[in-house]
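Engineer: Next comes the structure file input_22.txt, holding compact mmCIF, C-alpha atoms.
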```txt
# COMPACT_ATOMS: atom_id res chain seq x y z
CA MET A 1 -35.62 -39.79 214.44
CA ALA A 2 -39.27 -39.32 215.32
CA GLU A 3 -40.96 -42.64 215.92
CA LYS A 4 -44.68 -42.81 215.40
CA ARG A 5 -45.49 -43.61 218.96
CA THR A 6 -49.19 -44.03 219.35
CA LYS A 7 -51.87 -45.95 217.59
CA PRO A 8 -55.23 -44.21 217.54
CA ILE A 9 -58.01 -45.84 219.56
CA VAL A 10 -61.43 -46.47 218.04
CA ALA A 11 -64.35 -47.44 220.29
CA ILE A 12 -67.66 -49.03 219.34
CA VAL A 13 -70.78 -47.87 221.21
CA GLY A 14 -74.35 -49.05 220.72
CA ARG A 15 -77.46 -50.65 222.18
CA PRO A 16 -77.71 -54.42 222.76
CA ASN A 17 -78.30 -56.53 219.64
CA VAL A 18 -77.29 -53.90 217.11
CA GLY A 19 -74.33 -56.11 216.15
CA LYS A 20 -71.39 -54.60 218.04
CA SER A 21 -69.51 -57.86 218.48
CA THR A 22 -70.22 -58.91 214.89
CA LEU A 23 -68.68 -55.65 213.69
CA PHE A 24 -65.80 -56.01 216.16
CA ASN A 25 -65.03 -59.50 214.87
CA ALA A 26 -65.42 -58.45 211.23
CA LEU A 27 -62.81 -55.72 211.76
CA ALA A 28 -60.50 -57.64 214.08
CA GLY A 29 -60.55 -60.83 212.05
CA GLU A 30 -58.83 -63.69 213.80
CA ARG A 31 -55.75 -61.72 214.70
CA ILE A 32 -56.72 -61.28 218.32
CA SER A 33 -53.87 -62.80 220.25
CA ILE A 34 -50.57 -61.72 218.77
CA VAL A 35 -48.31 -63.00 221.51
CA LYS A 36 -48.66 -66.73 221.78
CA ASP A 37 -46.14 -67.16 224.57
CA THR A 38 -47.98 -65.26 227.26
CA PRO A 39 -49.07 -67.89 229.73
CA GLY A 40 -51.71 -67.16 232.31
CA ILE A 41 -53.37 -64.36 230.40
CA THR A 42 -56.81 -64.95 229.07
CA ARG A 43 -57.47 -62.65 226.18
CA ASP A 44 -60.75 -60.95 226.74
CA ARG A 45 -61.90 -59.90 223.33
CA ILE A 46 -62.18 -56.33 224.50
CA TYR A 47 -59.48 -54.87 222.31
CA ALA A 48 -57.76 -55.85 219.10
CA ASP A 49 -55.22 -54.42 216.69
CA VAL A 50 -56.66 -53.62 213.31
CA SER A 51 -54.93 -52.39 210.20
CA TRP A 52 -56.62 -51.07 207.12
CA LEU A 53 -54.61 -50.02 204.09
CA ASP A 54 -51.60 -48.39 205.76
CA LYS A 55 -53.37 -47.26 208.92
CA ALA A 56 -53.17 -49.24 212.16
CA PHE A 57 -55.42 -48.64 215.16
CA THR A 58 -56.61 -50.28 218.35
CA LEU A 59 -60.28 -51.21 218.34
CA ILE A 60 -62.11 -51.42 221.66
CA ASP A 61 -65.53 -52.81 222.40
CA THR A 62 -67.08 -50.81 225.22
CA GLY A 63 -68.94 -53.79 226.60
CA GLY A 64 -72.18 -55.66 226.33
CA ILE A 65 -75.26 -54.36 228.09
CA GLU A 66 -77.98 -56.64 229.38
CA PRO A 67 -80.16 -54.40 231.46
CA ASP A 68 -83.49 -55.33 233.01
CA SER A 69 -85.31 -52.09 232.36
CA LYS A 70 -85.47 -49.13 229.99
CA ASP A 71 -83.99 -46.72 232.55
CA GLU A 72 -81.13 -49.05 233.27
CA LEU A 73 -80.50 -49.48 229.55
CA LEU A 74 -80.08 -45.74 229.14
CA SER A 75 -77.81 -45.33 232.16
CA GLN A 76 -75.61 -48.19 230.97
CA MET A 77 -75.54 -46.82 227.44
CA ARG A 78 -74.45 -43.47 228.86
CA GLN A 79 -71.74 -45.17 230.86
CA GLN A 80 -70.53 -46.90 227.72
CA ALA A 81 -70.55 -43.67 225.78
CA GLN A 82 -68.58 -42.04 228.60
CA ILE A 83 -65.94 -44.79 228.47
CA ALA A 84 -65.65 -44.22 224.73
CA ILE A 85 -65.43 -40.44 225.15
CA ASP A 86 -62.72 -40.86 227.81
CA THR A 87 -60.53 -43.35 226.00
CA ALA A 88 -61.08 -43.16 222.24
CA ASP A 89 -59.81 -40.92 219.46
CA VAL A 90 -62.73 -41.84 217.20
CA ILE A 91 -66.11 -43.32 218.20
CA ILE A 92 -68.20 -45.65 216.05
CA PHE A 93 -71.84 -45.24 217.08
CA LEU A 94 -73.67 -48.34 215.88
CA VAL A 95 -77.43 -48.40 215.28
CA ASP A 96 -79.75 -50.96 213.70
CA VAL A 97 -81.71 -50.24 210.52
CA LYS A 98 -84.31 -52.90 211.37
CA GLN A 99 -85.10 -51.54 214.83
CA GLY A 100 -85.08 -48.01 213.46
CA LEU A 101 -84.34 -44.85 215.42
CA VAL A 102 -84.90 -45.43 219.15
CA ASP A 103 -85.23 -42.90 221.94
CA SER A 104 -82.08 -44.07 223.74
CA ASP A 105 -80.09 -43.68 220.48
CA ALA A 106 -81.04 -40.02 220.41
CA LYS A 107 -80.04 -39.46 224.06
CA VAL A 108 -76.65 -41.11 223.59
CA ALA A 109 -76.14 -39.18 220.34
CA ASP A 110 -76.59 -35.96 222.36
CA MET A 111 -73.84 -37.01 224.72
CA LEU A 112 -71.50 -37.94 221.90
CA ARG A 113 -72.20 -34.69 220.08
CA ARG A 114 -71.40 -32.61 223.15
CA SER A 115 -68.09 -34.42 223.66
CA HIS A 116 -66.69 -32.92 220.42
CA LYS A 117 -64.96 -36.22 219.71
CA PRO A 118 -65.18 -37.43 216.10
CA VAL A 119 -68.16 -39.78 215.80
CA VAL A 120 -68.86 -42.06 212.83
CA LEU A 121 -72.53 -43.03 212.70
CA VAL A 122 -72.87 -46.57 211.37
CA VAL A 123 -76.22 -48.16 210.49
CA ASN A 124 -75.90 -51.93 210.67
CA LYS A 125 -77.89 -54.82 209.15
CA VAL A 126 -78.33 -53.11 205.79
CA ASP A 127 -78.25 -56.35 203.79
CA SER A 128 -79.57 -54.67 200.69
CA PHE A 129 -78.81 -51.04 199.92
CA ASP A 130 -81.77 -50.71 197.55
CA LYS A 131 -84.23 -51.99 200.08
CA TYR A 132 -83.11 -50.13 203.19
CA MET A 133 -81.61 -46.83 202.02
CA ALA A 134 -84.74 -44.81 202.86
CA ASP A 135 -84.61 -46.20 206.42
CA VAL A 136 -80.93 -45.32 206.71
CA TYR A 137 -81.66 -41.65 206.01
CA GLU A 138 -83.90 -41.51 209.07
CA PHE A 139 -80.73 -41.53 211.20
CA TYR A 140 -79.80 -38.06 209.93
CA ASN A 141 -82.23 -36.96 212.65
CA LEU A 142 -79.62 -37.85 215.29
CA GLY A 143 -77.69 -34.78 214.22
CA ILE A 144 -74.26 -36.42 214.34
CA GLY A 145 -73.46 -36.44 210.66
CA ASP A 146 -73.88 -38.80 207.72
CA PRO A 147 -75.06 -42.34 208.46
CA HIS A 148 -72.86 -45.06 206.92
CA ALA A 149 -74.79 -48.14 205.85
CA VAL A 150 -73.07 -51.47 206.55
CA SER A 151 -73.83 -55.13 207.02
CA ALA A 152 -71.32 -56.46 209.56
CA VAL A 153 -72.42 -60.05 208.90
CA ASN A 154 -71.90 -59.79 205.14
CA LYS A 155 -69.00 -57.34 205.43
CA LEU A 156 -70.75 -54.84 203.15
CA GLY A 157 -69.90 -51.13 203.32
CA ILE A 158 -67.01 -51.74 205.74
CA GLY A 159 -64.42 -50.07 203.48
CA ASP A 160 -66.37 -46.81 203.23
CA MET A 161 -66.91 -46.82 206.97
CA LEU A 162 -63.17 -47.33 207.66
CA GLU A 163 -62.32 -44.60 205.17
CA GLU A 164 -64.34 -42.22 207.33
CA VAL A 165 -62.86 -43.57 210.59
CA VAL A 166 -59.23 -43.20 209.50
CA SER A 167 -59.85 -39.73 208.04
CA PHE A 168 -59.90 -38.48 211.65
CA PHE A 169 -56.46 -39.90 212.49
CA GLN A 170 -54.26 -37.30 210.83
CA ASP A 171 -54.18 -34.64 213.49
CA ALA A 172 -53.26 -36.81 216.46
CA GLY A 173 -50.07 -38.08 214.86
CA GLU A 174 -48.78 -34.73 213.67
CA GLU A 175 -49.06 -32.88 216.95
CA GLU A 176 -46.95 -35.46 218.74
CA GLU A 177 -44.05 -35.62 216.34
CA GLU A 178 -42.15 -32.75 217.99
CA ASP A 179 -42.61 -33.91 221.57
CA ASP A 180 -39.56 -35.72 222.89
CA ARG A 181 -40.66 -35.94 226.52
CA ILE A 182 -40.78 -39.50 227.82
CA ARG A 183 -44.39 -40.55 228.30
CA VAL A 184 -44.97 -42.80 231.28
CA SER A 185 -48.23 -44.60 232.05
CA ILE A 186 -48.86 -45.56 235.66
CA VAL A 187 -50.99 -48.71 235.53
CA GLY A 188 -52.24 -51.26 238.01
CA LYS A 189 -55.30 -52.45 239.91
CA PRO A 190 -57.43 -49.99 241.87
CA ASN A 191 -55.97 -48.96 245.24
CA VAL A 192 -52.37 -49.96 244.71
CA GLY A 193 -51.31 -46.33 245.07
CA LYS A 194 -51.01 -45.09 241.48
CA SER A 195 -52.26 -41.59 242.25
CA SER A 196 -50.29 -41.41 245.50
CA ILE A 197 -47.10 -42.00 243.51
CA ILE A 198 -47.90 -39.18 241.09
CA ASN A 199 -48.90 -36.89 243.96
CA LYS A 200 -45.65 -37.60 245.78
CA LEU A 201 -43.63 -36.90 242.62
CA LEU A 202 -45.58 -33.68 242.11
CA GLY A 203 -45.44 -32.72 245.75
CA GLU A 204 -49.05 -31.55 245.68
CA ASN A 205 -52.40 -33.26 245.88
CA ARG A 206 -53.45 -32.76 242.27
CA LEU A 207 -55.33 -36.05 242.07
CA ILE A 208 -57.94 -36.80 244.69
CA VAL A 209 -56.98 -39.91 246.57
CA SER A 210 -59.15 -41.88 248.96
CA ASP A 211 -59.44 -45.51 249.90
CA ILE A 212 -62.55 -46.42 247.95
CA ALA A 213 -61.81 -48.23 244.71
CA GLY A 214 -62.68 -46.07 241.75
CA THR A 215 -62.64 -42.65 243.39
CA THR A 216 -59.93 -40.89 241.44
CA ARG A 217 -61.53 -38.30 239.22
CA ASP A 218 -60.67 -37.02 235.77
CA ALA A 219 -57.19 -38.32 235.32
CA VAL A 220 -55.13 -35.83 233.39
CA ASP A 221 -51.71 -36.12 231.86
CA THR A 222 -49.36 -34.59 234.39
CA GLU A 223 -46.07 -32.98 233.44
CA ILE A 224 -43.33 -33.59 235.99
CA SER A 225 -39.75 -32.29 235.75
CA TYR A 226 -36.82 -34.01 237.42
CA LYS A 227 -33.21 -32.88 237.15
CA GLY A 228 -33.94 -30.74 234.14
CA ARG A 229 -35.85 -33.39 232.20
CA ASP A 230 -39.57 -33.28 231.51
CA TYR A 231 -41.79 -36.33 231.71
CA ILE A 232 -45.48 -36.80 230.98
CA PHE A 233 -47.22 -39.10 233.45
CA ILE A 234 -50.46 -40.68 232.27
CA ASP A 235 -52.63 -41.91 235.13
CA THR A 236 -55.18 -44.66 234.54
CA ALA A 237 -56.93 -44.28 237.84
CA GLY A 238 -59.69 -42.00 236.62
CA LEU A 239 -62.76 -44.15 237.03
CA ARG A 240 -65.42 -41.52 236.91
CA ARG A 241 -68.08 -43.21 238.96
CA LYS A 242 -68.27 -46.23 241.16
CA SER A 243 -69.78 -49.08 239.27
CA ARG A 244 -72.06 -51.53 240.98
CA VAL A 245 -70.78 -54.40 238.98
CA LYS A 246 -67.25 -55.63 239.56
CA GLU A 247 -67.01 -57.02 236.00
CA GLU A 248 -67.78 -53.64 234.54
CA LEU A 249 -65.13 -52.02 236.68
CA GLU A 250 -62.58 -54.56 235.53
CA HIS A 251 -63.65 -54.10 231.91
CA TYR A 252 -63.33 -50.34 232.30
CA MET A 253 -59.95 -50.73 233.98
CA ILE A 254 -58.65 -52.83 231.08
CA LEU A 255 -59.86 -50.30 228.51
CA ARG A 256 -58.33 -47.40 230.43
CA THR A 257 -55.10 -49.37 230.68
CA VAL A 258 -55.03 -50.14 226.94
CA SER A 259 -55.64 -46.48 226.20
CA ALA A 260 -52.95 -45.19 228.60
CA VAL A 261 -50.35 -47.81 227.65
CA GLU A 262 -50.94 -47.11 223.96
CA ARG A 263 -50.03 -43.46 224.51
CA SER A 264 -46.90 -44.11 226.54
CA ASP A 265 -43.32 -45.21 225.96
CA VAL A 266 -42.80 -46.70 229.41
CA ALA A 267 -45.43 -48.48 231.51
CA VAL A 268 -44.97 -48.53 235.28
CA LEU A 269 -46.98 -51.40 236.71
CA VAL A 270 -47.73 -50.68 240.35
CA ILE A 271 -48.13 -53.75 242.60
CA ASP A 272 -49.24 -53.74 246.22
CA ALA A 273 -46.40 -55.08 248.40
CA VAL A 274 -48.80 -56.33 251.04
CA GLU A 275 -50.94 -58.23 248.54
CA GLY A 276 -48.17 -59.48 246.26
CA ALA A 277 -48.47 -60.07 242.50
CA THR A 278 -51.88 -61.38 241.42
CA GLU A 279 -53.59 -62.77 238.33
CA GLN A 280 -55.11 -59.34 237.72
CA ASP A 281 -51.64 -57.75 237.77
CA ALA A 282 -50.59 -60.30 235.14
CA LYS A 283 -53.53 -59.28 232.96
CA ILE A 284 -52.55 -55.62 233.13
CA ALA A 285 -48.87 -56.43 232.56
CA GLY A 286 -49.89 -58.48 229.50
CA ILE A 287 -51.35 -55.35 227.89
CA ALA A 288 -48.00 -53.52 228.13
CA HIS A 289 -46.15 -56.64 226.93
CA ASP A 290 -48.48 -57.08 223.93
CA ARG A 291 -48.04 -53.46 222.97
CA GLY A 292 -44.24 -53.73 223.16
CA LYS A 293 -43.70 -51.05 225.79
CA ALA A 294 -40.77 -50.70 228.18
CA VAL A 295 -41.90 -51.97 231.61
CA ILE A 296 -41.01 -51.19 235.22
CA ILE A 297 -42.69 -53.10 238.04
CA ALA A 298 -43.00 -50.76 241.02
CA VAL A 299 -43.74 -52.60 244.24
CA ASN A 300 -45.48 -49.93 246.34
CA LYS A 301 -46.19 -49.81 250.11
CA TRP A 302 -42.83 -51.53 250.71
CA ASP A 303 -42.61 -49.64 254.02
CA ALA A 304 -45.61 -51.68 255.26
CA VAL A 305 -43.91 -55.06 254.84
CA GLU A 306 -42.12 -56.89 257.68
CA LYS A 307 -38.65 -57.59 256.38
CA ASP A 308 -35.66 -59.82 256.94
CA ASP A 309 -32.56 -60.26 254.78
CA LYS A 310 -34.38 -62.56 252.33
CA THR A 311 -37.63 -60.57 251.86
CA ILE A 312 -36.66 -58.76 248.66
CA TYR A 313 -35.26 -61.94 247.15
CA ARG A 314 -38.40 -63.94 247.94
CA PHE A 315 -40.75 -61.21 246.74
CA THR A 316 -38.81 -60.78 243.49
CA GLU A 317 -39.04 -64.48 242.82
CA LYS A 318 -42.82 -64.46 243.33
CA VAL A 319 -43.25 -61.49 240.99
CA ARG A 320 -41.07 -63.17 238.35
CA ASN A 321 -43.20 -66.31 238.60
CA THR A 322 -46.53 -64.52 238.24
CA LEU A 323 -45.21 -62.35 235.39
CA SER A 324 -43.08 -65.07 233.83
CA PHE A 325 -43.71 -63.79 230.30
CA MET A 326 -41.76 -60.57 230.99
CA PRO A 327 -38.43 -61.54 232.56
CA TYR A 328 -36.99 -58.33 231.07
CA ALA A 329 -39.06 -56.01 233.30
CA GLU A 330 -37.18 -53.97 235.91
CA ILE A 331 -38.38 -54.31 239.52
CA LEU A 332 -38.25 -51.43 242.02
CA PHE A 333 -39.36 -51.44 245.66
CA ILE A 334 -40.86 -48.08 246.59
CA SER A 335 -43.17 -46.31 249.00
CA ALA A 336 -45.37 -43.46 247.84
CA ARG A 337 -46.14 -42.63 251.46
CA THR A 338 -42.54 -42.13 252.59
CA GLY A 339 -41.10 -41.29 249.17
CA GLN A 340 -38.64 -44.19 249.50
CA ARG A 341 -36.70 -44.80 246.25
CA LEU A 342 -38.95 -42.53 244.17
CA PRO A 343 -35.91 -40.65 242.75
CA LYS A 344 -34.66 -44.07 241.58
CA LEU A 345 -37.90 -44.33 239.56
CA PHE A 346 -36.77 -41.49 237.26
CA GLU A 347 -33.34 -43.06 236.71
CA THR A 348 -35.00 -46.37 235.87
CA ILE A 349 -37.47 -44.69 233.49
CA ASP A 350 -34.54 -43.02 231.68
CA MET A 351 -32.67 -46.31 231.45
CA VAL A 352 -35.52 -48.47 230.13
CA SER A 353 -36.59 -45.71 227.75
CA GLU A 354 -33.09 -45.61 226.23
CA ASN A 355 -33.08 -49.39 225.88
CA HIS A 356 -36.53 -49.29 224.29
CA ALA A 357 -35.14 -47.00 221.58
CA MET A 358 -31.72 -48.65 221.25
CA ARG A 359 -30.32 -49.62 217.85
CA VAL A 360 -27.61 -52.22 217.32
CA SER A 361 -25.55 -52.25 214.14
CA THR A 362 -26.09 -55.12 211.72
CA GLY A 363 -22.42 -56.12 211.79
CA VAL A 364 -22.40 -56.59 215.56
CA LEU A 365 -25.72 -58.48 215.49
CA ASN A 366 -24.38 -60.95 212.95
CA GLU A 367 -21.24 -61.51 215.03
CA ILE A 368 -23.39 -62.30 218.08
CA MET A 369 -25.58 -64.63 216.01
CA ALA A 370 -22.61 -66.48 214.50
CA GLU A 371 -21.14 -66.99 217.97
CA ALA A 372 -24.50 -68.17 219.34
CA VAL A 373 -24.90 -70.70 216.52
CA ALA A 374 -21.35 -72.00 217.13
CA MET A 375 -22.08 -72.48 220.85
CA GLN A 376 -25.44 -74.15 220.41
CA GLN A 377 -26.37 -75.93 217.22
CA PRO A 378 -29.67 -74.92 215.64
CA PRO A 379 -32.43 -77.56 215.79
CA SER A 380 -32.98 -80.02 212.95
CA ASP A 381 -35.93 -82.11 211.90
CA LYS A 382 -35.96 -85.27 209.70
CA GLY A 383 -32.36 -84.64 208.69
CA LYS A 384 -32.94 -81.01 207.73
CA ARG A 385 -31.05 -78.51 209.88
CA LEU A 386 -32.08 -74.92 210.51
CA ARG A 387 -29.66 -72.40 209.03
CA LEU A 388 -29.54 -68.78 210.14
CA TYR A 389 -28.25 -66.54 207.36
CA TYR A 390 -28.52 -63.00 208.54
CA ILE A 391 -29.98 -60.76 211.25
CA THR A 392 -30.78 -57.06 211.17
CA GLN A 393 -32.68 -54.62 213.39
CA ALA A 394 -35.82 -53.40 211.66
CA SER A 395 -37.15 -50.87 214.17
CA VAL A 396 -37.12 -49.56 217.74
CA LYS A 397 -39.77 -49.06 220.45
CA PRO A 398 -39.69 -52.01 220.92
CA PRO A 399 -36.40 -53.20 219.38
CA THR A 400 -37.48 -55.48 216.52
CA PHE A 401 -35.15 -57.83 214.66
CA VAL A 402 -35.52 -59.75 211.41
CA ILE A 403 -33.74 -63.10 211.11
CA PHE A 404 -33.41 -64.74 207.69
CA VAL A 405 -33.40 -68.56 207.84
CA ASN A 406 -33.66 -71.47 205.41
CA ASP A 407 -36.87 -72.88 206.95
CA LYS A 408 -39.26 -70.99 209.21
CA GLU A 409 -40.81 -74.17 210.59
CA LEU A 410 -37.47 -75.21 212.09
CA MET A 411 -37.00 -71.93 213.98
CA HIS A 412 -38.51 -73.02 217.28
CA PHE A 413 -39.63 -70.50 219.81
CA SER A 414 -36.95 -71.76 222.22
CA TYR A 415 -34.15 -71.11 219.74
CA THR A 416 -35.44 -67.59 219.08
CA ARG A 417 -35.43 -67.06 222.85
CA TYR A 418 -31.82 -68.35 222.96
CA ILE A 419 -30.74 -65.81 220.30
CA GLU A 420 -32.61 -63.09 222.22
CA ASN A 421 -30.73 -64.00 225.41
CA GLN A 422 -27.39 -63.81 223.61
CA ILE A 423 -28.22 -60.30 222.37
CA ARG A 424 -29.40 -59.31 225.84
CA GLN A 425 -26.14 -60.61 227.37
CA THR A 426 -24.19 -58.21 225.18
CA PHE A 427 -26.44 -55.16 225.19
CA GLY A 428 -28.66 -55.57 228.24
CA PHE A 429 -31.90 -54.20 226.78
CA ARG A 430 -33.12 -54.12 230.39
CA GLY A 431 -36.75 -53.20 230.80
CA THR A 432 -37.77 -53.58 227.17
CA PRO A 433 -39.33 -56.48 225.28
CA MET A 434 -37.73 -57.53 222.01
CA ARG A 435 -39.58 -58.71 218.92
CA PHE A 436 -38.29 -61.20 216.35
CA ILE A 437 -39.60 -61.63 212.82
CA ILE A 438 -38.47 -64.82 211.10
CA ARG A 439 -38.18 -64.66 207.30
CA GLU A 440 -37.47 -67.50 204.96
CA ARG A 441 -34.85 -67.36 202.24
CA LYS A 442 -34.35 -70.23 199.88
CA GLU A 443 -30.77 -71.41 199.27
CA LYS A 444 -30.71 -70.10 195.70
CA GLU A 445 -31.93 -66.63 196.65
CA ARG A 446 -28.77 -66.07 198.56
```
Since I need it in another form, could you write the structure as structure tokens?
Structural biologist:
Amino acid sequence: MAEKRTKPIVAIVGRPNVGKSTLFNALAGERISIVKDTPGITRDRIYADVSWLDKAFTLIDTGGIEPDSKDELLSQMRQQAQIAIDTADVIIFLVDVKQGLVDSDAKVADMLRRSHKPVVLVVNKVDSFDKYMADVYEFYNLGIGDPHAVSAVNKLGIGDMLEEVVSFFQDAGEEEEEDDRIRVSIVGKPNVGKSSIINKLLGENRLIVSDIAGTTRDAVDTEISYKGRDYIFIDTAGLRRKSRVKEELEHYMILRTVSAVERSDVAVLVIDAVEGATEQDAKIAGIAHDRGKAVIIAVNKWDAVEKDDKTIYRFTEKVRNTLSFMPYAEILFISARTGQRLPKLFETIDMVSENHAMRVSTGVLNEIMAEAVAMQQPPSDKGKRLRLYYITQASVKPPTFVIFVNDKELMHFSYTRYIENQIRQTFGFRGTPMRFIIRERKEKER
């Protein structure tokens, strides 16, 4: 059964003050943070899940620019456009009808045109179509197709714009249907050894590795075969140029991670054994968790750590604490330099990938639920007790279950977690998150 595995990515590019964040918020609505139980992760409003009609996509904002000079504005705009070209399936190029056509718009339009990525030209701040239409037509001069007039503030013209955006989605989905190779994204902070791992698996230096953060060039999807199975490895290292500003680098890293994770089935989060798990690792892990991917935590440079008989135990505990929202993740201790336990990585990828796509029959699920309810009574409030009627698995990747109850309000997060643990005790589901949807059924509907 072919699962639709990737959501297209749409990026917004544009000069300062043309209304990028207003458009971002208009499209994203308030549905920014889906997972409420992810402690320690601040949601930067850099990416959001958007659905329009029956199409879902990930929207990314390529970042605010506040340059001091004209030259700097252009170089930062180009950098933004490059991020969009690298990571997005469709690019929204936003311009401002009131400022008119500006020189830097034309230069960025050239870049976007040469990339051959689909670009939707959107002219913002058109509060009245009658009044501004003549000014909108001026943007035909950019040579990147028809301008779409919108007002992000008043949410005018958004539907027509989205119609155009989603019209470019078709092709991406269809090509991938036949491909049953497991797609693995290698994610993590700069310099934790992501490229070294891929190089070691490949046995050749395909990716340039050096010690300066942000030096890996042009990350490409790499096909690697192991014991007769083919895998696609997606590397997020490819920061094309060193950025002066640390924030920008982090912003870029998050966007690259969102884009790579979105295209993969399994995310391998690489952590530096010497440094231990950090806040930044938690941020990156949160992206994979939010997107419901199978997760392996690979602790690299393990050969460089002084060890005694408790080292692994202590390190595991620290990782579990920092990444407390994903207790399901598998942990592996490896060394890209010596190749230690790298073959185990493939076995683990196979295992978590199978769990990610595992289906459990409705009959068995309901037996587990009945037993769980008998062992631990559901919560009650003001004399009303929660009743669980029925559970069924709705989808895979990640395994998603629907539970029908008498009152949604009574189904506390902790009780859902308890049911999840009961299912995990029976079936393992190691390495994959599980999602639960709680639906209400009134007594008489039964």
Engineer: Using only C-alpha atoms, give me every residue within 12 Å of (-39.7, -62.2, 243.5) in file coordinates, as a list of chain:residue names.
Structural biologist: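 Protein, DNA and RNA residues close to (-39.7, -62.2, 243.5): A:Ile271, A:Ala273, A:Gly276, A:Ala277, A:Ile297, A:Val299, A:Lys310, A:Thr311, A:Ile312, A:Tyr313, A:Arg314, A:Phe315, A:Thr316, A:Glu317, A:Lys318, A:Val319, A:Arg320, A:Asn321, A:Thr322, A:Leu323, A:Ser324, A:Pro327, A:Ala329, A:Glu330, A:Ile331, A:Leu332, A:Phe333.
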Engineer: Between atom CA of A:Gln422 and atom CA of A:Ile296, what distance in Å does the model show, to one decimal?
Structural biologist: 21.9 Å
Engineer: Counting all atoms listed in the file, which residue out of A:Val364, A:Ala134, A:Val266, A:Ile92 sits closest to A:Val352?
Structural biologist: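 Of all the options, A:Val266 lies closest to A:Val352.
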Engineer: Which residue gives the smallest distance to A:Phe427 among A:Asn366, A:Gln377, A:Asn355, A:Thr338, with only C-alpha atoms counted?
Structural biologist: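 Of the candidates, the smallest distance to A:Phe427 is held by A:Asn355.
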Engineer: Rounded to one decimal in Å, what is the spacing between atom CA of A:Pro399 and atom CA of A:Ile224?
Structural biologist: 26.6 Å
Engineer: So, with all atoms listed in the file as the atoms that count, which of A:Gln340, A:Gln280, A:Ser259, A:Thr392 lies closest to A:Ile9?
Structural biologist: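 Closest to A:Ile9 of all the choices is A:Ser259.
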Engineer: Got a sec: who's within 8 Å of A:Arg256, counting only C-alpha atoms, leaving out chain neighbours fewer than 3 positions off, as a list in words?
Structural biologist: Thr87, Thr236, Tyr252, Met253, Ser259 and Ala260 of chain A
Engineer: As a PyMOL selection string, please: the residues near A:Asp272 (cut-off 9 Å, all atoms listed in the file, same-chain neighbours under 6 positions excluded).
Structural biologist: chain A and resi 189+191-193+298-302
Engineer: For a test of reading the model, state the distance in Å between atom CA of A:Phe436 and atom CA of A:Leu410, rounded to one decimal.
Structural biologist: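 Rounded to one decimal, the two atoms are 14.7 Å apart.
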Engineer: Could you check the closest approach to A:Tyr389 for each of A:Ile423, A:Phe325, A:Glu440, A:Lys155 and tell me which residue wins, using all atoms listed in the file?
Structural biologist: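 Nearest candidate to A:Tyr389 out of A:Ile423, A:Phe325, A:Glu440, A:Lys155: A:Glu440.
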Engineer: Find the residue from A:Ala106, A:Val97, A:Ala11, A:Ile234 that sits nearest to A:Tyr132; use only C-alpha atoms when measuring.
Structural biologist: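 Between A:Ala106, A:Val97, A:Ala11, A:Ile234, the residue approaching A:Tyr132 most closely is A:Val97.
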Engineer: Got a sec: who's within 12 Å of A:Lys397, counting all atoms listed in the file, leaving out chain neighbours fewer than 6 positions off, as a PyMOL selection string?
Structural biologist: chain A and resi 1-6+262+264-266+289+291-295+352-359+429+431-435
Engineer: Export C-alpha atoms of the chosen residues as a compact mmCIF listing (two decimals), in the coordinates of the input?
Structural biologist:
```
# COMPACT_ATOMS: atom_id res chain seq x y z
CA MET A 1 -35.62 -39.79 214.44
CA ALA A 2 -39.27 -39.32 215.32
CA GLU A 3 -40.96 -42.64 215.92
CA LYS A 4 -44.68 -42.81 215.40
CA ARG A 5 -45.49 -43.61 218.96
CA THR A 6 -49.19 -44.03 219.35
CA GLU A 262 -50.94 -47.11 223.96
CA SER A 264 -46.90 -44.11 226.54
CA ASP A 265 -43.32 -45.21 225.96
CA VAL A 266 -42.80 -46.70 229.41
CA HIS A 289 -46.15 -56.64 226.93
CA ARG A 291 -48.04 -53.46 222.97
CA GLY A 292 -44.24 -53.73 223.16
CA LYS A 293 -43.70 -51.05 225.79
CA ALA A 294 -40.77 -50.70 228.18
CA VAL A 295 -41.90 -51.97 231.61
CA VAL A 352 -35.52 -48.47 230.13
CA SER A 353 -36.59 -45.71 227.75
CA GLU A 354 -33.09 -45.61 226.23
CA ASN A 355 -33.08 -49.39 225.88
CA HIS A 356 -36.53 -49.29 224.29
CA ALA A 357 -35.14 -47.00 221.58
CA MET A 358 -31.72 -48.65 221.25
CA ARG A 359 -30.32 -49.62 217.85
CA PHE A 429 -31.90 -54.20 226.78
CA GLY A 431 -36.75 -53.20 230.80
CA THR A 432 -37.77 -53.58 227.17
CA PRO A 433 -39.33 -56.48 225.28
CA MET A 434 -37.73 -57.53 222.01
CA ARG A 435 -39.58 -58.71 218.92
```
Engineer: Could you give me, as JSON, numbers by chain, the residues that have an atom at most 10 Å away from the point (-61.3, -39.3, 219.3) in the coordinates of the file, using only C-alpha atoms?
Structural biologist: {"A": [8, 9, 10, 11, 84, 85, 86, 87, 88, 89, 90, 91, 92, 115, 116, 117, 118, 119, 165, 168, 169, 172]}
Engineer: Extending 5 Å beyond the listed atoms of stretch 326-334 of chain A on each side, what axis-aligned box results? I want centre and edge lengths in Å to one decimal, as JSON.
Structural biologist:
```
{"center_x": -39.4, "center_y": -54.8, "center_z": 238.8, "size_x": 14.8, "size_y": 23.5, "size_z": 25.6}
```
